[in-house]
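Quick look at start-v3.json (JSON, C-alpha atoms):
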[["chain", "number", "residue", "atom", "x", "y", "z"],
["A", 1, "MET", "CA", 7.75, -20.21, -10.31],
["A", 2, "LYS", "CA", 5.23, -21.85, -7.98],
["A", 3, "GLU", "CA", 6.89, -20.15, -5.04],
["A", 4, "ILE", "CA", 6.56, -16.83, -6.79],
["A", 5, "ASP", "CA", 2.86, -17.55, -7.34],
["A", 6, "TYR", "CA", 2.46, -18.31, -3.65],
["A", 7, "TRP", "CA", 4.08, -15.06, -2.65],
["A", 8, "LEU", "CA", 2.09, -13.10, -5.18],
["A", 9, "ASP", "CA", -1.07, -14.52, -3.68],
["A", 10, "GLN", "CA", 0.14, -13.43, -0.25],
["A", 11, "PHE", "CA", 0.94, -10.00, -1.64],
["A", 12, "ARG", "CA", -2.57, -9.72, -3.08],
["A", 13, "LYS", "CA", -4.07, -10.58, 0.31],
["A", 14, "PHE", "CA", -1.76, -8.07, 1.93],
["A", 15, "TRP", "CA", -3.20, -5.35, -0.30],
["A", 16, "GLU", "CA", -6.75, -6.51, 0.39],
["A", 17, "SER", "CA", -6.14, -6.17, 4.10],
["A", 18, "ARG", "CA", -4.49, -2.78, 3.70],
["A", 19, "PHE", "CA", -7.40, -1.48, 1.61],
["A", 20, "LYS", "CA", -9.95, -2.64, 4.18],
["A", 21, "GLN", "CA", -8.22, -0.41, 6.68],
["A", 22, "LEU", "CA", -8.27, 2.46, 4.21],
["A", 23, "ASP", "CA", -12.02, 1.94, 3.77],
["A", 24, "ASN", "CA", -12.45, 2.46, 7.50],
["A", 25, "ILE", "CA", -10.22, 5.53, 7.54],
["A", 26, "LEU", "CA", -12.10, 7.09, 4.64],
["A", 27, "LEU", "CA", -15.40, 6.49, 6.41],
["A", 28, "LYS", "CA", -14.04, 8.32, 9.46],
["A", 29, "LEU", "CA", -12.74, 11.19, 7.33],
["A", 30, "LYS", "CA", -16.11, 11.53, 5.62],
["A", 31, "ASN", "CA", -17.92, 11.60, 8.94],
["A", 32, "ASN", "CA", -15.51, 14.20, 10.28],
["A", 33, "LYS", "CA", -16.21, 16.42, 7.30],
["A", 34, "LYS", "CA", -19.96, 16.39, 7.94],
["B", 1, "MET", "CA", -21.99, -0.36, 5.98],
["B", 2, "THR", "CA", -20.09, -2.06, 3.21],
["B", 3, "GLN", "CA", -20.37, -1.66, -0.51],
["B", 4, "ASN", "CA", -19.28, -3.73, -3.45],
["B", 5, "LEU", "CA", -15.97, -2.12, -4.20],
["B", 6, "ALA", "CA", -14.05, -3.42, -7.19],
["B", 7, "PHE", "CA", -10.69, -5.00, -6.50],
["B", 8, "ASP", "CA", -8.34, -6.38, -9.11],
["B", 9, "PHE", "CA", -4.83, -7.71, -8.65],
["B", 10, "SER", "CA", -2.90, -8.89, -11.66],
["B", 11, "VAL", "CA", 0.67, -9.79, -12.44],
["B", 12, "ASN", "CA", 2.47, -9.49, -15.74],
["B", 13, "LYS", "CA", 5.50, -11.69, -15.32],
["B", 14, "GLU", "CA", 6.98, -10.70, -18.68],
["B", 15, "ASN", "CA", 6.94, -7.03, -17.80],
["B", 16, "LYS", "CA", 7.63, -7.73, -14.09],
["B", 17, "THR", "CA", 4.71, -5.53, -13.25],
["B", 18, "ILE", "CA", 1.97, -5.81, -10.66],
["B", 19, "THR", "CA", -1.27, -3.93, -11.16],
["B", 20, "VAL", "CA", -3.62, -3.30, -8.28],
["B", 21, "LYS", "CA", -6.97, -1.62, -8.86],
["B", 22, "ARG", "CA", -9.41, -0.75, -6.12],
["B", 23, "GLU", "CA", -12.46, 1.46, -5.77],
["B", 24, "PHE", "CA", -13.07, 3.47, -2.62],
["B", 25, "ALA", "CA", -16.35, 4.90, -1.41],
["B", 26, "ALA", "CA", -15.12, 8.48, -1.20],
["B", 27, "GLU", "CA", -14.37, 11.37, -3.50],
["B", 28, "PRO", "CA", -10.85, 11.72, -4.99],
["B", 29, "SER", "CA", -9.85, 14.60, -2.71],
["B", 30, "LEU", "CA", -10.35, 12.43, 0.36],
["B", 31, "VAL", "CA", -8.60, 9.38, -1.09],
["B", 32, "TRP", "CA", -5.73, 11.57, -2.27],
["B", 33, "GLU", "CA", -5.42, 12.95, 1.25],
["B", 34, "ALA", "CA", -5.27, 9.41, 2.65],
["B", 35, "TYR", "CA", -2.36, 8.60, 0.30],
["B", 36, "THR", "CA", -0.38, 11.78, 0.73],
["B", 37, "ASN", "CA", -0.83, 12.81, 4.38],
["B", 38, "SER", "CA", 1.55, 10.91, 6.65],
["B", 39, "GLU", "CA", -0.73, 11.16, 9.69],
["B", 40, "ILE", "CA", -3.43, 9.34, 7.76],
["B", 41, "LEU", "CA", -1.05, 6.94, 6.01],
["B", 42, "ASP", "CA", 0.23, 5.80, 9.38],
["B", 43, "GLN", "CA", -3.29, 4.69, 10.24],
["B", 44, "TRP", "CA", -3.79, 2.28, 7.35],
["B", 45, "TRP", "CA", -0.55, 1.52, 5.48],
["B", 46, "ALA", "CA", 0.41, -1.43, 7.70],
["B", 47, "PRO", "CA", -1.96, -4.33, 8.31],
["B", 48, "LYS", "CA", -2.69, -4.86, 12.00],
["B", 49, "PRO", "CA", -1.00, -5.65, 14.30],
["B", 50, "TRP", "CA", 1.82, -3.97, 12.40],
["B", 51, "LYS", "CA", 1.93, -0.20, 12.38],
["B", 52, "ALA", "CA", 3.39, 2.30, 9.99],
["B", 53, "ARG", "CA", 5.35, 5.08, 11.62],
["B", 54, "THR", "CA", 6.46, 8.08, 9.62],
["B", 55, "LYS", "CA", 9.76, 9.70, 10.48],
["B", 56, "THR", "CA", 9.73, 12.36, 7.79],
["B", 57, "MET", "CA", 7.53, 13.12, 4.83],
["B", 58, "ASP", "CA", 7.83, 15.82, 2.21],
["B", 59, "PHE", "CA", 5.18, 15.20, -0.39],
["B", 60, "ARG", "CA", 6.40, 17.10, -3.43],
["B", 61, "GLU", "CA", 8.24, 16.27, -6.61],
["B", 62, "GLY", "CA", 11.73, 15.34, -5.47],
["B", 63, "GLY", "CA", 10.50, 14.87, -1.91],
["B", 64, "HIS", "CA", 10.35, 11.67, 0.10],
["B", 65, "TRP", "CA", 8.55, 9.56, 2.70],
["B", 66, "LEU", "CA", 10.73, 7.80, 5.27],
["B", 67, "TYR", "CA", 8.76, 5.39, 7.39],
["B", 68, "ALA", "CA", 9.00, 2.19, 9.39],
["B", 69, "MET", "CA", 6.77, -0.83, 9.42],
["B", 70, "VAL", "CA", 6.74, -1.71, 13.11],
["B", 71, "GLY", "CA", 5.87, -5.24, 14.15],
["B", 72, "PRO", "CA", 4.11, -6.43, 17.29],
["B", 73, "ALA", "CA", 7.43, -7.26, 18.95],
["B", 74, "GLY", "CA", 8.82, -3.85, 18.08],
["B", 75, "GLU", "CA", 10.78, -4.98, 15.04],
["B", 76, "GLU", "CA", 11.24, -2.26, 12.44],
["B", 77, "HIS", "CA", 11.61, -2.40, 8.67],
["B", 78, "TRP", "CA", 12.44, 1.00, 7.24],
["B", 79, "ALA", "CA", 11.49, 2.13, 3.76],
["B", 80, "LEU", "CA", 12.08, 5.23, 1.70],
["B", 81, "ALA", "CA", 9.76, 6.43, -1.04],
["B", 82, "ASN", "CA", 11.12, 9.10, -3.35],
["B", 83, "TYR", "CA", 8.42, 11.06, -5.14],
["B", 84, "LYS", "CA", 8.98, 11.88, -8.81],
["B", 85, "ASP", "CA", 5.95, 13.26, -10.66],
["B", 86, "ILE", "CA", 2.90, 14.61, -8.90],
["B", 87, "GLN", "CA", -0.38, 15.72, -10.47],
["B", 88, "THR", "CA", -2.58, 16.72, -7.55],
["B", 89, "GLN", "CA", -5.58, 14.41, -7.04],
["B", 90, "LYS", "CA", -4.74, 12.65, -10.32],
["B", 91, "LYS", "CA", -1.48, 10.78, -10.11],
["B", 92, "PHE", "CA", 1.92, 10.41, -8.49],
["B", 93, "THR", "CA", 4.95, 8.29, -9.24],
["B", 94, "GLY", "CA", 7.91, 7.30, -7.18],
["B", 95, "LEU", "CA", 10.64, 4.86, -6.29],
["B", 96, "ASP", "CA", 10.32, 2.67, -3.21],
["B", 97, "ALA", "CA", 13.33, 1.13, -1.48],
["B", 98, "PHE", "CA", 14.45, -0.50, 1.73],
["B", 99, "ALA", "CA", 16.44, 1.86, 3.89],
["B", 100, "ASP", "CA", 17.74, 2.40, 7.38],
["B", 101, "ALA", "CA", 16.28, 4.78, 9.95],
["B", 102, "ASP", "CA", 18.35, 7.61, 8.49],
["B", 103, "GLY", "CA", 17.01, 7.08, 5.00],
["B", 104, "HIS", "CA", 20.10, 5.46, 3.54],
["B", 105, "VAL", "CA", 18.88, 3.12, 0.81],
["B", 106, "ASN", "CA", 19.94, -0.53, 1.01],
["B", 107, "ILE", "CA", 21.11, -1.06, -2.55],
["B", 108, "ASP", "CA", 21.35, -4.81, -2.00],
["B", 109, "MET", "CA", 17.60, -4.99, -1.58],
["B", 110, "PRO", "CA", 14.96, -4.74, -4.28],
["B", 111, "GLN", "CA", 13.52, -1.44, -5.34],
["B", 112, "SER", "CA", 10.21, -0.88, -7.06],
["B", 113, "LYS", "CA", 8.81, 1.86, -9.24],
["B", 114, "TRP", "CA", 5.32, 3.07, -8.40],
["B", 115, "GLU", "CA", 2.66, 4.84, -10.35],
["B", 116, "VAL", "CA", -0.59, 5.63, -8.54],
["B", 117, "THR", "CA", -3.55, 7.12, -10.39],
["B", 118, "PHE", "CA", -6.85, 8.41, -9.02],
["B", 119, "THR", "CA", -9.98, 8.44, -11.18],
["B", 120, "ASP", "CA", -13.21, 10.17, -10.19],
["B", 121, "LYS", "CA", -16.12, 7.72, -10.38],
["B", 122, "GLY", "CA", -18.83, 9.96, -9.00],
["B", 123, "SER", "CA", -19.24, 9.05, -5.36],
["B", 124, "LYS", "CA", -16.33, 6.62, -5.65],
["B", 125, "THR", "CA", -12.68, 6.84, -6.58],
["B", 126, "LEU", "CA", -10.76, 4.26, -8.57],
["B", 127, "VAL", "CA", -7.14, 3.91, -7.50],
["B", 128, "GLU", "CA", -4.77, 2.09, -9.85],
["B", 129, "LEU", "CA", -1.28, 1.14, -8.77],
["B", 130, "TYR", "CA", 1.37, -0.03, -11.17],
["B", 131, "ILE", "CA", 4.36, -1.50, -9.37],
["B", 132, "SER", "CA", 7.33, -2.61, -11.45],
["B", 133, "TYR", "CA", 10.42, -4.53, -10.43],
["B", 134, "ASP", "CA", 13.65, -5.18, -12.25],
["B", 135, "ASP", "CA", 13.18, -8.84, -11.41],
["B", 136, "LEU", "CA", 9.98, -10.52, -10.22],
["B", 137, "ALA", "CA", 12.00, -12.65, -7.79],
["B", 138, "GLN", "CA", 12.68, -9.36, -6.00],
["B", 139, "LEU", "CA", 9.04, -9.28, -5.04],
["B", 140, "GLU", "CA", 9.40, -12.54, -3.18],
["B", 141, "ALA", "CA", 12.40, -11.13, -1.35],
["B", 142, "THR", "CA", 10.42, -8.03, -0.50],
["B", 143, "ILE", "CA", 7.61, -9.97, 1.05],
["B", 144, "GLN", "CA", 9.93, -12.32, 2.90],
["B", 145, "MET", "CA", 11.69, -9.33, 4.40],
["B", 146, "GLY", "CA", 8.86, -8.26, 6.56],
["B", 147, "PHE", "CA", 5.37, -8.84, 5.38],
["B", 148, "LYS", "CA", 4.98, -12.56, 5.95],
["B", 149, "GLU", "CA", 4.30, -12.46, 9.66],
["B", 150, "GLY", "CA", 2.31, -9.28, 9.48],
["B", 151, "LEU", "CA", 0.25, -10.63, 6.65],
["B", 152, "SER", "CA", -0.76, -13.84, 8.36],
["B", 153, "MET", "CA", -1.74, -11.87, 11.45],
["B", 154, "ALA", "CA", -3.61, -9.38, 9.33],
["B", 155, "MET", "CA", -5.53, -12.19, 7.71],
["B", 156, "GLU", "CA", -6.54, -13.45, 11.13],
["B", 157, "GLY", "CA", -7.73, -9.96, 11.94],
["B", 158, "LEU", "CA", -9.68, -9.83, 8.71],
["B", 159, "ASP", "CA", -11.31, -13.16, 9.51],
["B", 160, "GLU", "CA", -12.53, -11.65, 12.75],
["B", 161, "LEU", "CA", -13.76, -8.54, 11.00],
["B", 162, "LEU", "CA", -15.67, -10.25, 8.19],
["B", 163, "PRO", "CA", -18.61, -11.57, 10.24],
["B", 164, "SER", "CA", -19.36, -8.10, 11.58],
["B", 165, "LEU", "CA", -19.17, -6.68, 8.07],
["B", 166, "LYS", "CA", -21.80, -9.13, 6.88],
["B", 167, "LYS", "CA", -24.36, -7.94, 9.45]]
Could you rewrite the structure in this file as structure tokens?
Amino acid sequence: MKEIDYWLDQFRKFWESRFKQLDNILLKLKNNKK
Amino acid sequence: MTQNLAFDFSVNKENKTITVKREFAAEPSLVWEAYTNSEILDQWWAPKPWKARTKTMDFREGGHWLYAMVGPAGEEHWALANYKDIQTQKKFTGLDAFADADGHVNIDMPQSKWEVTFTDKGSKTLVELYISYDDLAQLEATIQMGFKEGLSMAMEGLDELLPSLKK
């Protein structure tokens, strides 16, 4: 189970990283709309 | 400019479900577009230096998204998302699977069910993802398949980005 916990933590970080990129994309989209 | 955007990641091992909640500083229509337009998805779905590359996308109930996660050395991991229920700017559900470049699902690999909801929070949008697996061990296999290297590199990229975000 500890291995699963490790991979879940990695998966959480993966999503954090992915969402940071989405933040940047949304900022661009908002600026383009103005 | 950065804002305090809520992020929550939780795992229910009994139900074999992962819940991811995240706020975004944009209205639902824009966030919905980012999740359902392949040209935009390709720009953020894969953590750098990996890239997402869409082959075909047909965002409708019964439609699909066939894409590759492309690594820095050109390695490709193909995935197929089949869309089930769609409520525009509110919610969509689907089934995600490993596939080949022609969209043939690899039935030996784990599949996950997805439910993505979008909630209007004024100037922000709350996105909630519910990802369920038949077996939680499948998640480990999923990550080992292709995300490990990309993730560690992405984290390095994030480390570089964080100081500039704090300014």
Check: which chain A residues lie within 8 Å of chain B using only C-alpha atoms, as a ChimeraX atom specification:
/A:4,7-8,10-14,17-19,21-23,25-27,29-30
Enclose region 10-27 of chain B, meaning all of its atoms listed in the file, in a box aligned along x, y and z, pad it by 6 Å on each side, and list the centre and edge lengths in Å to one decimal, as AutoDock Vina command-line options.
--center_x -4.4 --center_y -0.2 --center_z -9.9 --size_x 36.0 --size_y 35.1 --size_z 29.5
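The spacing separating CA of Ser112 (chain B) from CA of Gly94 (chain B) amounts to 8.5 Å.
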One decimal place gives the CA of Asn106 (chain B)-CA of Asp42 (chain B) separation as 22.3 Å
Could you please determine the separation between CA of Thr88 (chain B) and CA of Ile131 (chain B) in Å, to one decimal place?
19.6 Å
Please, which residues are within 12 Å of (9.4, 2.1, 11.3) by the file's coordinates, counting only C-alpha atoms, and could they come as a ChimeraX atom specification?
/B:42,45-46,50-56,65-72,74-80,98-103,146
With distances taken over all atoms listed in the file, which of B:Glu61, B:Ser29, B:Glu14, B:Thr19 is nearest to Trp114 (chain B)?
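For Trp114 (chain B), the nearest of the given residues is B:Thr19.
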Atoms added to region 13-30 of chain A (N, CA and C atoms), reported as a PDB file, keeping the file's coordinate frame:
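Final file, result-v2.pdb:
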ATOM      1  N   LYS A  13      -3.302 -10.609  -0.942  1.00  0.00           N
ATOM      2  CA  LYS A  13      -4.070 -10.580   0.310  1.00  0.00           C
ATOM      3  C   LYS A  13      -3.601  -9.443   1.209  1.00  0.00           C
ATOM      4  N   PHE A  14      -2.320  -9.193   1.162  1.00  0.00           N
ATOM      5  CA  PHE A  14      -1.760  -8.070   1.930  1.00  0.00           C
ATOM      6  C   PHE A  14      -2.426  -6.770   1.509  1.00  0.00           C
ATOM      7  N   TRP A  15      -2.564  -6.568   0.205  1.00  0.00           N
ATOM      8  CA  TRP A  15      -3.200  -5.350  -0.300  1.00  0.00           C
ATOM      9  C   TRP A  15      -4.677  -5.310   0.060  1.00  0.00           C
ATOM     10  N   GLU A  16      -5.342  -6.457   0.003  1.00  0.00           N
ATOM     11  CA  GLU A  16      -6.750  -6.510   0.390  1.00  0.00           C
ATOM     12  C   GLU A  16      -6.926  -6.028   1.825  1.00  0.00           C
ATOM     13  N   SER A  17      -6.063  -6.531   2.681  1.00  0.00           N
ATOM     14  CA  SER A  17      -6.140  -6.170   4.100  1.00  0.00           C
ATOM     15  C   SER A  17      -5.875  -4.673   4.301  1.00  0.00           C
ATOM     16  N   ARG A  18      -4.853  -4.198   3.616  1.00  0.00           N
ATOM     17  CA  ARG A  18      -4.490  -2.780   3.700  1.00  0.00           C
ATOM     18  C   ARG A  18      -5.654  -1.900   3.228  1.00  0.00           C
ATOM     19  N   PHE A  19      -6.300  -2.286   2.150  1.00  0.00           N
ATOM     20  CA  PHE A  19      -7.400  -1.480   1.610  1.00  0.00           C
ATOM     21  C   PHE A  19      -8.619  -1.492   2.525  1.00  0.00           C
ATOM     22  N   LYS A  20      -8.842  -2.603   3.216  1.00  0.00           N
ATOM     23  CA  LYS A  20      -9.950  -2.640   4.180  1.00  0.00           C
ATOM     24  C   LYS A  20      -9.748  -1.574   5.251  1.00  0.00           C
ATOM     25  N   GLN A  21      -8.508  -1.436   5.666  1.00  0.00           N
ATOM     26  CA  GLN A  21      -8.220  -0.410   6.680  1.00  0.00           C
ATOM     27  C   GLN A  21      -8.420   0.985   6.103  1.00  0.00           C
ATOM     28  N   LEU A  22      -8.059   1.149   4.845  1.00  0.00           N
ATOM     29  CA  LEU A  22      -8.270   2.460   4.210  1.00  0.00           C
ATOM     30  C   LEU A  22      -9.759   2.758   4.095  1.00  0.00           C
ATOM     31  N   ASP A  23     -10.568   1.736   3.803  1.00  0.00           N
ATOM     32  CA  ASP A  23     -12.020   1.940   3.770  1.00  0.00           C
ATOM     33  C   ASP A  23     -12.501   2.550   5.085  1.00  0.00           C
ATOM     34  N   ASN A  24     -12.022   1.976   6.179  1.00  0.00           N
ATOM     35  CA  ASN A  24     -12.450   2.460   7.500  1.00  0.00           C
ATOM     36  C   ASN A  24     -11.975   3.885   7.768  1.00  0.00           C
ATOM     37  N   ILE A  25     -10.754   4.172   7.345  1.00  0.00           N
ATOM     38  CA  ILE A  25     -10.220   5.530   7.540  1.00  0.00           C
ATOM     39  C   ILE A  25     -11.027   6.533   6.716  1.00  0.00           C
ATOM     40  N   LEU A  26     -11.348   6.177   5.492  1.00  0.00           N
ATOM     41  CA  LEU A  26     -12.100   7.090   4.640  1.00  0.00           C
ATOM     42  C   LEU A  26     -13.490   7.366   5.213  1.00  0.00           C
ATOM     43  N   LEU A  27     -14.088   6.326   5.786  1.00  0.00           N
ATOM     44  CA  LEU A  27     -15.400   6.490   6.410  1.00  0.00           C
ATOM     45  C   LEU A  27     -15.306   7.500   7.561  1.00  0.00           C
ATOM     46  N   LYS A  28     -14.244   7.373   8.351  1.00  0.00           N
ATOM     47  CA  LYS A  28     -14.040   8.320   9.460  1.00  0.00           C
ATOM     48  C   LYS A  28     -13.836   9.736   8.938  1.00  0.00           C
ATOM     49  N   LEU A  29     -13.012   9.858   7.887  1.00  0.00           N
ATOM     50  CA  LEU A  29     -12.740  11.190   7.330  1.00  0.00           C
ATOM     51  C   LEU A  29     -14.019  11.824   6.787  1.00  0.00           C
ATOM     52  N   LYS A  30     -14.853  11.005   6.161  1.00  0.00           N
ATOM     53  CA  LYS A  30     -16.110  11.530   5.620  1.00  0.00           C
ATOM     54  C   LYS A  30     -17.020  12.000   6.748  1.00  0.00           C
TER      55      LYS A  30
END
